[in-house]
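Enquirer: I'd like to ask you about the structure that follows.
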Amino acid sequence: QVQLVEFGGGLVQPGDSLRLSCVASGFSLDYYAIGWFRQAPGKEREGVSCISGTDGSTDYADSVKGRFTISRDNAKNTVYLHMNSLKPEDTAVYYCVAPSTVVAGCHDVLGYRYLEHWGQGTPVTVSS
C-alpha cells in the first residue's frame, strides 16, 4: 500500500527552524518529483516547494525562497523540508505529495497536476 507520512511539525517561535520529513512506504520515491504543500486555517492549500526526481532541481514559492530548502535521501525513501527563519504566516498544516507518474515534473506538481498520493499532514505553528 502506497503511503506518505510526514513528521517534524510543532510549535516554534518566530525565527526558529524546523525540519519536516516525508517518509514513503509501499513504493520507491526514486525518479518521482515530490512536493510540499501547506494549508493555513481558512485558506486554500498552496504549493511550497518541489524537488525533481530526475536531476534534483528544486522550486520554491516566493514566500519561502531563501528560508526553506527541500532535499531528498532516496536511500531512506525520504524527502525533507528544512525551514529557517520561520514567521507567523508560515503557520499551516504541511503536506507532502507524490504524483501518479515519474513523468510529472515540478511544474506539474506545483501546478496541481497528476497529484496522487498525499500524506496526512503535520501541523506547524509559529507563535511567540
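By convention in this document, the chains of the C-alpha cells carry letters A, B, ... by their order, each chain's residues are numbered from 1, and ligands are numbered from 1 in the order they are shown.
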List as a list in words the protein and nucleic acid residues near Ser57 (chain A), meaning an atom at most 10 Å away when only C-alpha atoms are counted, but skip any in the same chain fewer than 6 places from it.
Expert: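 The neighbour list is Ala33, Cys50, Ile51, Ile70, Ser71, Gly105 and Cys106 of chain A.
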Enquirer: List every residue of region 3-116 of chain A that DSSP, applied to the backbone, labels as strand (DSSP E or B), and write the result as a ChimeraX atom specification.
Expert: /A:3-7,10-12,18-25,34-39,46-51,58-60,68-73,78-83,92-99,115-116
Enquirer: Using only C-alpha atoms, please write the residues we just selected to a file, as a CSV table (one decimal), in the first residue's frame.
Expert:
```csv
chain,number,residue,atom,x,y,z
A,3,GLN,CA,1.7,5.7,1.9
A,4,LEU,CA,3.4,9.0,2.7
A,5,VAL,CA,3.8,10.1,6.3
A,6,GLU,CA,5.0,13.5,7.4
A,7,PHE,CA,7.0,14.1,10.6
A,10,GLY,CA,5.4,21.5,16.1
A,11,LEU,CA,5.1,24.8,17.9
A,12,VAL,CA,8.0,27.2,17.5
A,18,LEU,CA,12.2,23.1,11.8
A,19,ARG,CA,12.9,20.1,9.6
A,20,LEU,CA,9.9,18.2,8.2
A,21,SER,CA,10.3,14.7,6.9
A,22,CYS,CA,8.2,12.9,4.4
A,23,VAL,CA,8.7,9.1,4.5
A,24,ALA,CA,7.3,6.9,1.8
A,25,SER,CA,6.3,3.3,2.0
A,34,ILE,CA,7.9,15.3,-4.6
A,35,GLY,CA,6.1,18.4,-3.5
A,36,TRP,CA,5.4,20.1,-0.2
A,37,PHE,CA,2.1,22.0,0.2
A,38,ARG,CA,0.6,23.8,3.1
A,39,GLN,CA,-2.8,24.9,4.2
A,46,GLU,CA,-0.7,26.2,-1.6
A,47,GLY,CA,2.4,24.8,-3.1
A,48,VAL,CA,5.6,25.5,-1.1
A,49,SER,CA,8.4,23.6,-2.7
A,50,CYS,CA,9.2,20.7,-5.0
A,51,ILE,CA,12.2,18.6,-5.8
A,58,THR,CA,14.2,22.4,-6.8
A,59,ASP,CA,11.5,25.0,-6.9
A,60,TYR,CA,10.0,27.3,-4.2
A,68,PHE,CA,13.2,26.9,3.1
A,69,THR,CA,15.3,24.2,1.5
A,70,ILE,CA,14.0,20.9,0.1
A,71,SER,CA,16.2,17.8,-0.2
A,72,ARG,CA,15.8,14.1,-0.6
A,73,ASP,CA,17.6,10.9,0.5
A,78,THR,CA,12.5,10.4,2.4
A,79,VAL,CA,12.2,14.0,1.4
A,80,TYR,CA,12.9,16.8,3.8
A,81,LEU,CA,11.8,20.4,4.1
A,82,HIS,CA,14.3,22.5,6.1
A,83,MET,CA,12.5,25.6,7.3
A,92,ALA,CA,-0.2,25.8,8.5
A,93,VAL,CA,-0.6,22.1,8.1
A,94,TYR,CA,2.2,20.9,5.8
A,95,TYR,CA,1.6,18.0,3.4
A,96,CYS,CA,3.9,16.1,1.1
A,97,VAL,CA,2.6,14.7,-2.2
A,98,ALA,CA,3.8,12.3,-4.9
A,99,PRO,CA,2.4,12.3,-8.4
A,115,LEU,CA,-1.2,14.6,-7.7
A,116,GLU,CA,-2.0,11.2,-6.4
```
Enquirer: Between A:Leu110, A:Gly53, A:Asn77, A:Gly8, which has the minimum distance to Phe27 (chain A) (counting only C-alpha atoms)?
Expert: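 Nearest to Phe27 (chain A): A:Asn77.
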Enquirer: Quote the spacing between CA of Pro14 (chain A) and CA of Ser63 (chain A) in Å to one decimal place.
Expert: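 Separation between CA of Pro14 (chain A) and CA of Ser63 (chain A): 15.2 Å.
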Enquirer: Within chain A, find each residue whose DSSP state, derived from the backbone, is alpha helix (DSSP H), and express the selection as a list in words.
Expert: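 Residues meeting the alpha helix (DSSP H) criterion: Cys106, His107, Asp108 and Val109 of chain A.
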